[in-house]
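Dropping data_28.cif in here (mmCIF, C-alpha atoms):
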data_work
#
loop_
_atom_site.group_PDB
_atom_site.id
_atom_site.type_symbol
_atom_site.label_atom_id
_atom_site.label_comp_id
_atom_site.auth_asym_id
_atom_site.auth_seq_id
_atom_site.Cartn_x
_atom_site.Cartn_y
_atom_site.Cartn_z
ATOM 1 C CA MET A 172 0.000 0.000 0.000
ATOM 2 C CA LYS A 173 2.927 2.346 0.453
ATOM 3 C CA ALA A 174 3.344 2.890 -3.282
ATOM 4 C CA LEU A 175 0.647 5.492 -3.865
ATOM 5 C CA SER A 176 -1.720 5.830 -0.919
ATOM 6 C CA SER A 177 0.861 7.579 1.270
ATOM 7 C CA ILE A 178 1.902 10.125 -1.347
ATOM 8 C CA PRO A 179 1.271 13.709 -0.165
ATOM 9 C CA TRP A 180 -0.922 15.839 -2.371
ATOM 10 C CA SER A 181 2.019 17.966 -3.513
ATOM 11 C CA ARG A 182 3.622 14.811 -4.917
ATOM 12 C CA ARG A 183 0.321 13.579 -6.342
ATOM 13 C CA ARG A 184 0.598 16.424 -8.869
ATOM 14 C CA LEU A 185 3.856 14.870 -10.034
ATOM 15 C CA LEU A 186 2.060 11.536 -10.246
ATOM 16 C CA VAL A 187 -0.552 13.123 -12.511
ATOM 17 C CA ALA A 188 2.175 14.595 -14.671
ATOM 18 C CA GLY A 189 3.797 11.172 -14.935
ATOM 19 C CA PHE A 190 0.539 9.568 -16.058
ATOM 20 C CA ALA A 191 0.121 12.358 -18.604
ATOM 21 C CA ALA A 192 3.526 11.563 -20.061
ATOM 22 C CA CYS A 193 3.173 7.781 -20.241
ATOM 23 C CA GLY A 194 -0.541 7.160 -20.610
ATOM 24 C CA TRP A 195 -2.826 10.150 -20.691
ATOM 25 C CA HIS A 196 -3.213 11.928 -24.015
ATOM 26 C CA ALA A 197 -1.812 15.411 -24.635
ATOM 27 C CA HIS A 198 -1.030 16.834 -28.085
ATOM 28 C CA ALA A 199 0.983 19.775 -26.834
ATOM 29 C CA ALA A 200 2.609 21.017 -23.649
ATOM 30 C CA ASP A 201 -0.088 23.651 -23.099
ATOM 31 C CA GLU A 202 -3.013 21.243 -23.630
ATOM 32 C CA VAL A 203 -4.896 19.817 -20.682
ATOM 33 C CA PRO A 204 -4.038 16.110 -20.245
ATOM 34 C CA HIS A 205 -6.884 13.730 -20.996
ATOM 35 C CA VAL A 206 -7.962 11.141 -18.447
ATOM 36 C CA ARG A 207 -10.223 8.213 -19.285
ATOM 37 C CA ILE A 208 -12.241 6.924 -16.325
ATOM 38 C CA LEU A 209 -14.486 3.858 -16.238
ATOM 39 C CA PHE A 210 -16.846 3.282 -13.288
ATOM 40 C CA PHE A 211 -18.043 -0.110 -12.045
ATOM 41 C CA GLY A 212 -20.672 0.177 -9.313
ATOM 42 C CA ASN A 213 -24.322 -0.001 -8.370
ATOM 43 C CA SER A 214 -27.076 2.308 -7.141
ATOM 44 C CA TYR A 215 -24.670 4.216 -4.891
ATOM 45 C CA MET A 216 -23.028 5.513 -8.067
ATOM 46 C CA ALA A 217 -26.098 5.570 -10.308
ATOM 47 C CA LEU A 218 -28.254 7.801 -8.108
ATOM 48 C CA ASN A 219 -27.504 11.447 -9.011
ATOM 49 C CA ARG A 220 -25.131 10.174 -11.741
ATOM 50 C CA LEU A 221 -21.825 10.192 -9.914
ATOM 51 C CA PRO A 222 -19.716 9.412 -13.026
ATOM 52 C CA SER A 223 -21.189 12.400 -14.863
ATOM 53 C CA MET A 224 -20.633 14.586 -11.814
ATOM 54 C CA VAL A 225 -16.972 13.545 -11.701
ATOM 55 C CA GLY A 226 -16.711 14.440 -15.378
ATOM 56 C CA GLU A 227 -18.269 17.872 -14.856
ATOM 57 C CA LEU A 228 -15.956 18.669 -11.954
ATOM 58 C CA LEU A 229 -12.844 17.606 -13.856
ATOM 59 C CA LEU A 230 -13.902 19.520 -16.954
ATOM 60 C CA SER A 231 -14.488 22.687 -14.945
ATOM 61 C CA SER A 232 -11.105 22.350 -13.224
ATOM 62 C CA LYS A 233 -9.240 22.662 -16.536
ATOM 63 C CA VAL A 234 -6.570 20.468 -14.960
ATOM 64 C CA LEU A 235 -7.698 17.197 -16.566
ATOM 65 C CA ALA A 236 -9.960 16.653 -19.569
ATOM 66 C CA PRO A 237 -12.234 13.688 -18.795
ATOM 67 C CA HIS A 238 -13.608 10.823 -20.861
ATOM 68 C CA ILE A 239 -16.203 9.011 -18.747
ATOM 69 C CA GLY A 240 -17.733 5.556 -19.046
ATOM 70 C CA SER A 241 -19.760 3.458 -16.614
ATOM 71 C CA ASN A 242 -21.381 0.112 -15.979
ATOM 72 C CA LEU A 243 -23.730 0.515 -13.008
ATOM 73 C CA LEU A 244 -26.024 -2.328 -11.982
ATOM 74 C CA GLY A 245 -28.309 -2.373 -8.943
ATOM 75 C CA ASN A 246 -26.934 -4.215 -5.892
ATOM 76 C CA TYR A 247 -23.981 -5.579 -7.869
ATOM 77 C CA THR A 248 -20.846 -6.821 -6.138
ATOM 78 C CA LEU A 249 -17.311 -6.518 -7.482
ATOM 79 C CA GLU A 250 -17.294 -10.257 -8.130
ATOM 80 C CA GLN A 251 -20.406 -9.905 -10.300
ATOM 81 C CA HIS A 252 -18.819 -7.021 -12.191
ATOM 82 C CA SER A 253 -15.744 -9.170 -12.824
ATOM 83 C CA THR A 254 -17.890 -11.606 -14.843
ATOM 84 C CA ASN A 255 -20.429 -9.233 -16.400
ATOM 85 C CA ALA A 256 -20.158 -9.431 -20.195
ATOM 86 C CA ASP A 257 -21.339 -5.879 -20.919
ATOM 87 C CA GLY A 258 -18.983 -4.305 -18.422
ATOM 88 C CA LEU A 259 -15.994 -6.334 -19.545
ATOM 89 C CA ALA A 260 -16.730 -5.483 -23.182
ATOM 90 C CA LEU A 261 -16.709 -1.790 -22.239
ATOM 91 C CA LEU A 262 -13.437 -2.287 -20.375
ATOM 92 C CA LYS A 263 -11.823 -3.871 -23.439
ATOM 93 C CA LYS A 264 -13.291 -1.363 -25.889
ATOM 94 C CA GLY A 265 -11.802 1.645 -24.112
ATOM 95 C CA ALA A 266 -12.930 5.255 -24.038
ATOM 96 C CA ASP A 267 -14.806 7.198 -26.693
ATOM 97 C CA ASP A 268 -11.527 8.310 -28.291
ATOM 98 C CA GLY A 269 -10.441 4.702 -28.842
ATOM 99 C CA LYS A 270 -7.752 4.759 -26.168
ATOM 100 C CA PRO A 271 -7.661 2.440 -23.124
ATOM 101 C CA TRP A 272 -9.018 3.531 -19.772
ATOM 102 C CA ASP A 273 -6.463 5.255 -17.527
ATOM 103 C CA VAL A 274 -8.519 4.854 -14.354
ATOM 104 C CA ILE A 275 -11.055 2.256 -13.222
ATOM 105 C CA VAL A 276 -13.224 3.253 -10.245
ATOM 106 C CA VAL A 277 -14.800 0.233 -8.567
ATOM 107 C CA GLN A 278 -17.411 0.139 -5.783
ATOM 108 C CA GLU A 279 -18.272 -2.877 -3.674
ATOM 109 C CA GLN A 280 -21.865 -3.546 -2.605
ATOM 110 C CA SER A 281 -22.522 -1.738 0.695
ATOM 111 C CA VAL A 282 -23.343 -4.714 2.941
ATOM 112 C CA ILE A 283 -20.406 -6.743 1.619
ATOM 113 C CA SER A 284 -18.198 -3.690 2.240
ATOM 114 C CA SER A 285 -18.921 -4.002 5.950
ATOM 115 C CA ALA A 286 -19.302 -7.775 6.355
ATOM 116 C CA ALA A 287 -15.940 -8.431 4.671
ATOM 117 C CA ALA A 288 -14.178 -7.115 7.780
ATOM 118 C CA ILE A 289 -15.536 -9.921 9.994
ATOM 119 C CA ASP A 290 -16.936 -12.668 7.763
ATOM 120 C CA ALA A 291 -14.575 -14.990 5.876
ATOM 121 C CA LYS A 292 -16.956 -15.647 2.982
ATOM 122 C CA ALA A 293 -17.709 -11.947 2.483
ATOM 123 C CA LYS A 294 -13.990 -11.152 2.657
ATOM 124 C CA GLU A 295 -13.221 -13.762 0.014
ATOM 125 C CA LEU A 296 -15.990 -12.361 -2.192
ATOM 126 C CA MET A 297 -14.724 -8.776 -1.931
ATOM 127 C CA ASP A 298 -11.033 -9.639 -2.191
ATOM 128 C CA THR A 299 -11.568 -11.936 -5.165
ATOM 129 C CA GLY A 300 -13.805 -9.460 -6.990
ATOM 130 C CA LEU A 301 -11.363 -6.582 -6.648
ATOM 131 C CA SER A 302 -8.352 -8.732 -7.554
ATOM 132 C CA LYS A 303 -10.083 -10.009 -10.692
ATOM 133 C CA LEU A 304 -11.009 -6.503 -11.818
ATOM 134 C CA VAL A 305 -7.460 -5.279 -11.242
ATOM 135 C CA SER A 306 -6.098 -8.157 -13.296
ATOM 136 C CA LEU A 307 -8.606 -7.631 -16.114
ATOM 137 C CA ALA A 308 -7.943 -3.890 -16.224
ATOM 138 C CA ARG A 309 -4.181 -4.435 -16.392
ATOM 139 C CA GLU A 310 -4.582 -6.808 -19.333
ATOM 140 C CA VAL A 311 -5.929 -3.837 -21.292
ATOM 141 C CA ASN A 312 -3.653 -1.171 -19.804
ATOM 142 C CA PRO A 313 -0.738 -2.339 -17.592
ATOM 143 C CA GLN A 314 -0.399 1.202 -16.189
ATOM 144 C CA VAL A 315 -4.054 1.586 -15.229
ATOM 145 C CA LEU A 316 -4.908 3.128 -11.860
ATOM 146 C CA VAL A 317 -7.640 1.215 -10.023
ATOM 147 C CA VAL A 318 -9.529 3.327 -7.490
ATOM 148 C CA ASP A 319 -11.369 1.406 -4.788
ATOM 149 C CA PHE A 320 -14.451 3.471 -3.837
ATOM 150 C CA GLN A 321 -14.871 3.140 -0.059
ATOM 151 C CA VAL A 322 -18.604 3.472 0.659
ATOM 152 C CA TRP A 323 -20.209 5.202 3.665
ATOM 153 C CA SER A 324 -22.071 3.730 6.598
ATOM 154 C CA ARG A 325 -25.824 4.137 6.843
ATOM 155 C CA HIS A 326 -27.492 7.105 8.548
ATOM 156 C CA PRO A 327 -27.386 6.944 12.372
ATOM 157 C CA ASN A 328 -31.178 7.185 12.480
ATOM 158 C CA LEU A 329 -31.397 3.650 11.098
ATOM 159 C CA TRP A 330 -29.669 2.338 14.230
ATOM 160 C CA LYS A 331 -32.093 4.302 16.397
ATOM 161 C CA LYS A 332 -34.907 2.561 14.537
ATOM 162 C CA GLN A 333 -33.136 -0.795 14.896
ATOM 163 C CA ALA A 334 -33.274 -1.272 11.122
ATOM 164 C CA PRO A 335 -32.043 -4.812 10.320
ATOM 165 C CA ASP A 336 -29.930 -3.768 7.318
ATOM 166 C CA ALA A 337 -28.062 -1.212 9.443
ATOM 167 C CA LEU A 338 -27.543 -3.617 12.349
ATOM 168 C CA PHE A 339 -26.160 -6.182 9.938
ATOM 169 C CA THR A 340 -23.319 -3.782 9.044
ATOM 170 C CA GLY A 341 -22.393 -3.168 12.697
ATOM 171 C CA LYS A 342 -23.770 -2.623 16.173
ATOM 172 C CA SER A 343 -23.375 1.144 15.758
ATOM 173 C CA PRO A 344 -22.514 3.675 13.041
ATOM 174 C CA GLY A 345 -18.961 3.815 14.385
ATOM 175 C CA GLU A 346 -18.513 0.076 14.168
ATOM 176 C CA ALA A 347 -19.906 0.054 10.625
ATOM 177 C CA ARG A 348 -17.473 2.792 9.582
ATOM 178 C CA ALA A 349 -14.530 0.913 11.096
ATOM 179 C CA ARG A 350 -15.540 -2.309 9.352
ATOM 180 C CA ILE A 351 -15.883 -0.588 5.984
ATOM 181 C CA HIS A 352 -12.484 1.048 6.330
ATOM 182 C CA LEU A 353 -10.803 -2.227 7.294
ATOM 183 C CA ALA A 354 -12.520 -4.271 4.577
ATOM 184 C CA ASN A 355 -11.330 -1.890 1.862
ATOM 185 C CA VAL A 356 -7.777 -1.793 3.199
ATOM 186 C CA ASN A 357 -7.677 -5.590 3.273
ATOM 187 C CA ALA A 358 -9.156 -5.940 -0.204
ATOM 188 C CA VAL A 359 -6.596 -3.585 -1.737
ATOM 189 C CA LYS A 360 -3.720 -5.341 0.039
ATOM 190 C CA SER A 361 -4.984 -8.664 -1.296
ATOM 191 C CA ALA A 362 -5.300 -7.246 -4.811
ATOM 192 C CA LEU A 363 -1.729 -5.939 -4.709
ATOM 193 C CA GLU A 364 -0.421 -9.295 -3.484
ATOM 194 C CA LYS A 365 -2.132 -11.048 -6.384
ATOM 195 C CA ASN A 366 -1.171 -8.345 -8.891
ATOM 196 C CA PRO A 367 2.426 -7.262 -8.164
ATOM 197 C CA GLY A 368 3.222 -3.862 -9.618
ATOM 198 C CA ALA A 369 -0.417 -2.817 -9.895
ATOM 199 C CA HIS A 370 -1.547 0.718 -9.036
ATOM 200 C CA VAL A 371 -4.481 0.513 -6.615
ATOM 201 C CA LEU A 372 -5.713 3.219 -4.244
ATOM 202 C CA VAL A 373 -8.470 3.348 -1.659
ATOM 203 C CA SER A 374 -10.578 6.455 -2.210
ATOM 204 C CA PRO A 375 -11.787 7.346 1.321
ATOM 205 C CA VAL A 376 -15.281 8.485 0.377
ATOM 206 C CA GLY A 377 -16.888 6.963 3.471
ATOM 207 C CA ASN A 378 -14.329 8.528 5.803
ATOM 208 C CA PHE A 379 -15.146 11.982 4.445
ATOM 209 C CA TRP A 380 -18.865 11.310 4.826
ATOM 210 C CA TRP A 381 -18.189 10.681 8.513
ATOM 211 C CA LEU A 382 -16.194 13.924 8.836
ATOM 212 C CA VAL A 383 -18.913 16.002 7.181
ATOM 213 C CA GLN A 384 -21.647 14.335 9.185
ATOM 214 C CA ASP A 385 -19.744 14.946 12.414
ATOM 215 C CA ALA A 386 -18.978 18.583 11.617
ATOM 216 C CA TYR A 387 -22.288 19.481 9.949
ATOM 217 C CA PRO A 388 -24.973 16.967 11.007
ATOM 218 C CA ALA A 389 -27.737 19.010 9.366
ATOM 219 C CA LEU A 390 -26.264 18.774 5.864
ATOM 220 C CA PRO A 391 -28.350 16.472 3.630
ATOM 221 C CA LEU A 392 -25.849 13.837 2.547
ATOM 222 C CA TYR A 393 -28.376 10.998 2.613
ATOM 223 C CA ALA A 394 -31.500 10.325 0.602
ATOM 224 C CA GLU A 395 -34.695 9.588 2.509
ATOM 225 C CA ASP A 396 -33.867 5.899 2.872
ATOM 226 C CA GLY A 397 -30.790 6.711 4.984
ATOM 227 C CA THR A 398 -28.647 4.557 2.734
ATOM 228 C CA HIS A 399 -28.288 6.156 -0.695
ATOM 229 C CA PRO A 400 -26.857 9.623 -1.343
ATOM 230 C CA ASP A 401 -28.699 12.861 -1.781
ATOM 231 C CA VAL A 402 -27.233 15.251 -4.382
ATOM 232 C CA LEU A 403 -24.874 16.773 -1.814
ATOM 233 C CA GLY A 404 -23.678 13.311 -0.787
ATOM 234 C CA THR A 405 -22.906 12.462 -4.394
ATOM 235 C CA LEU A 406 -21.038 15.753 -4.791
ATOM 236 C CA LEU A 407 -18.964 15.006 -1.693
ATOM 237 C CA SER A 408 -18.185 11.564 -3.107
ATOM 238 C CA ALA A 409 -17.181 13.113 -6.430
ATOM 239 C CA TYR A 410 -14.796 15.560 -4.746
ATOM 240 C CA VAL A 411 -13.070 12.669 -2.983
ATOM 241 C CA ILE A 412 -12.854 10.642 -6.188
ATOM 242 C CA ILE A 413 -11.280 13.464 -8.196
ATOM 243 C CA GLY A 414 -8.895 14.150 -5.330
ATOM 244 C CA THR A 415 -7.822 10.514 -5.310
ATOM 245 C CA ILE A 416 -7.241 10.584 -9.067
ATOM 246 C CA GLY A 417 -5.706 14.004 -9.575
ATOM 247 C CA GLY A 418 -4.774 15.404 -6.180
ATOM 248 C CA ARG A 419 -5.595 18.626 -4.429
ATOM 249 C CA GLU A 420 -5.284 20.825 -7.510
ATOM 250 C CA VAL A 421 -8.302 19.396 -9.297
ATOM 251 C CA ILE A 422 -10.527 19.949 -6.261
ATOM 252 C CA GLU A 423 -9.264 23.497 -5.784
ATOM 253 C CA HIS A 424 -9.888 24.423 -9.426
ATOM 254 C CA ALA A 425 -13.213 22.629 -9.913
ATOM 255 C CA THR A 426 -15.979 25.236 -10.226
ATOM 256 C CA TRP A 427 -18.981 23.225 -11.425
ATOM 257 C CA LEU A 428 -21.855 22.807 -8.953
ATOM 258 C CA PRO A 429 -24.951 20.584 -9.150
ATOM 259 C CA ASP A 430 -28.498 21.636 -8.291
ATOM 260 C CA CYS A 431 -27.982 22.146 -4.571
ATOM 261 C CA PRO A 432 -27.296 25.215 -2.394
ATOM 262 C CA SER A 433 -23.867 26.581 -3.244
ATOM 263 C CA SER A 434 -23.174 27.297 0.438
ATOM 264 C CA GLN A 435 -23.552 23.588 1.214
ATOM 265 C CA ALA A 436 -21.406 22.573 -1.734
ATOM 266 C CA LEU A 437 -18.614 24.950 -0.786
ATOM 267 C CA ARG A 438 -18.735 23.739 2.797
ATOM 268 C CA VAL A 439 -18.121 20.104 1.888
ATOM 269 C CA LYS A 440 -15.470 21.111 -0.648
ATOM 270 C CA LYS A 441 -13.595 23.064 2.011
ATOM 271 C CA LEU A 442 -13.755 20.166 4.447
ATOM 272 C CA VAL A 443 -12.206 17.822 1.880
ATOM 273 C CA LEU A 444 -9.429 20.329 1.195
ATOM 274 C CA ASP A 445 -8.847 20.860 4.921
ATOM 275 C CA HIS A 446 -8.204 17.155 5.600
ATOM 276 C CA PRO A 447 -5.482 15.809 3.267
ATOM 277 C CA GLU A 448 -4.493 13.355 6.001
ATOM 278 C CA VAL A 449 -7.617 11.311 5.211
ATOM 279 C CA PHE A 450 -6.227 10.613 1.749
ATOM 280 C CA LYS A 451 -2.793 9.742 3.145
ATOM 281 C CA THR A 452 -4.152 7.190 5.612
ATOM 282 C CA ALA A 453 -6.858 5.720 3.353
ATOM 283 C CA GLY A 454 -4.984 2.503 2.675
ATOM 284 C CA ASN A 455 -3.750 1.928 6.223
#
For the structure just supplied, provide its representation as structure tokens.
Amino acid sequence: MKALSSIPWSRRRLLVAGFAACGWHAHAADEVPHVRILFFGNSYMALNRLPSMVGELLLSSKVLAPHIGSNLLGNYTLEQHSTNADGLALLKKGADDGKPWDVIVVQEQSVISSAAAIDAKAKELMDTGLSKLVSLAREVNPQVLVVDFQVWSRHPNLWKKQAPDALFTGKSPGEARARIHLANVNAVKSALEKNPGAHVLVSPVGNFWWLVQDAYPALPLYAEDGTHPDVLGTLLSAYVIIGTIGGREVIEHATWLPDCPSSQALRVKKLVLDHPEVFKTAGN
């Protein structure tokens, strides 16, 4: 995990420049490097169109020019994505400009993301799914960056209501968060062991959800079901994803905002920028 997850944001800019030189497309020195990002996920990504939001933020930053693709299927696990014909065909086909994907963002199903920390079968399912996707992505582009989207725990109100799906992820919101963090760390370590030389990062989306929720409990990150994201929650997730891919600079320069109060959007953006240590410790 030391390879990339511990790199400070100032050095992440150098990492972006290196990808631009050896993989991302740029016709001239003054042209914005292109980055081709493919998303594998489920309803957590599909609701409010996270991939499109990531594209809008990157485009507005003028730091990276995005090409976005996605294969989002309800309740899907990483293992299911690793055998899904449509998704794998998209992976092999590449981006709309005919070039291979530079980044693959993958999201495990939310219950598996928690259970994998304590249950051997769930751990095997998550570890195997991520490892397979890393291997398949590297067959198309050996230099691909695989971003492991760490999901968030459910809304605390679901524990107050003793909702079974929340209790299954942990006895409390704090326990669920700890399990999710550990499961993602373990899955990435397993993927790197099975794929020596691979580039895999945990994107600490769920950890930032916890920080925002703790600092600003009234902000509407969750949809009404207490599980899926509201628009602001998707925006927060998108900020973390672009920070994982391109570093601090892309967040700082991103100006696009979705249909939500700008004061709320700027508040979550500032919190992400104020806590670079969350990125540094994501894989530990």
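By chain and then residue number, the residues within 10 Å of Leu442 of chain A are Phe379, Leu382, Val383, Ala386, Leu407, Leu437, Arg438, Val439, Lys440, Leu444, Asp445, His446 and Pro447 of chain A, counting only C-alpha atoms and disregarding those fewer than 2 positions away in sequence.
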Item to check | Within 10 Å of Asn246 of chain A using only C-alpha atoms, minus same-chain residues under 4 positions, as JSON, numbers by chain | outcome: {"A": [212, 213, 214, 215, 251, 279, 280, 281, 282]}
Checklist outcome for this item: A straight line from atom CA of Trp427 of chain A to atom CA of Val206 of chain A spans 17.8 Å
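Each of A:Ile416, A:Val373, A:Leu301, A:Ile239 was compared to His252 of chain A using all atoms listed in the file, and A:Leu301 turns out to be the nearest.
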Checklist entry - Which neighbours of Tyr393 of chain A fall inside 12 Å, counting only C-alpha atoms, when residues of the same chain fewer than 2 positions from it are skipped, and could you give them as an MDAnalysis selection string? => result chainID A and resid 215 218:219 323:329 380:381 383:384 388:391 395:408
Checklist outcome for this item: re atom CA of Arg309 of chain A and atom CA of Pro271 of chain A: distance 10.2 Å
Item to check | Sphere at (-9.1, 11.2, -8.6), radius 12 Å, counting only C-alpha atoms: residues as a PyMOL selection string | outcome: chain A and resi 176+180+183-184+186-187+206-209+222+225-226+228-229+234-235+237+273-276+316-320+371-376+408-422+450
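Taking atom CA of Ala288 of chain A as the reference point, atom CA of Ser361 of chain A is found at 13.0 Å.
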Item to check | Which of A:Val359, A:Ala236, A:Pro344, A:Ser284 sits closest to Lys331 of chain A [using all atoms listed in the file] | outcome: A:Pro344
Item to check | Test item: residues at most 7 Å from Ser253 of chain A, all atoms listed in the file, excluding those fewer than 2 positions along its chain, as a PyMOL selection string | outcome: chain A and resi 249-251+255+300+303-304
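Between Pro204 of chain A and the candidates A:Leu230, A:Ala308, A:Ile351, A:Leu259, the tightest atom-to-atom separation, counting all atoms listed in the file, involves A:Leu230.
Across A:Met224, A:Ala453, A:Ala217, A:Ala354, the tightest approach to Thr426 of chain A is made by A:Met224 when counting all atoms listed in the file.
Put simply, the PyMOL selection byres ((chain A and resi 270) around 12) in this file takes in Gly194, Trp195, His196, His205, Val206, Arg207, Ile208, His238, Leu261, Leu262, Lys263, Lys264, Gly265, Ala266, Asp267, Asp268, Gly269, Pro271, Trp272, Asp273, Val274, Val311, Asn312 and Val315 of chain A.
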Next on the checklist: Could you check which residues have any atom within 8 Å of (-21.2, -7.8, 9.0), counting only C-alpha atoms with coordinates taken straight from the file, and then list them as JSON, numbers by chain?
Outcome noted: {"A": [282, 283, 285, 286, 287, 288, 289, 290, 339, 340, 341, 350]}
Just need the box for segment 421-430 of chain A, edges along x, y and z, holding every atom the file lists for it with 3 Å tacked onto each side, so centre and edge lengths in Å to one decimal, as JSON.
{"center_x": -18.4, "center_y": 22.3, "center_z": -8.6, "size_x": 26.2, "size_y": 11.8, "size_z": 11.6}
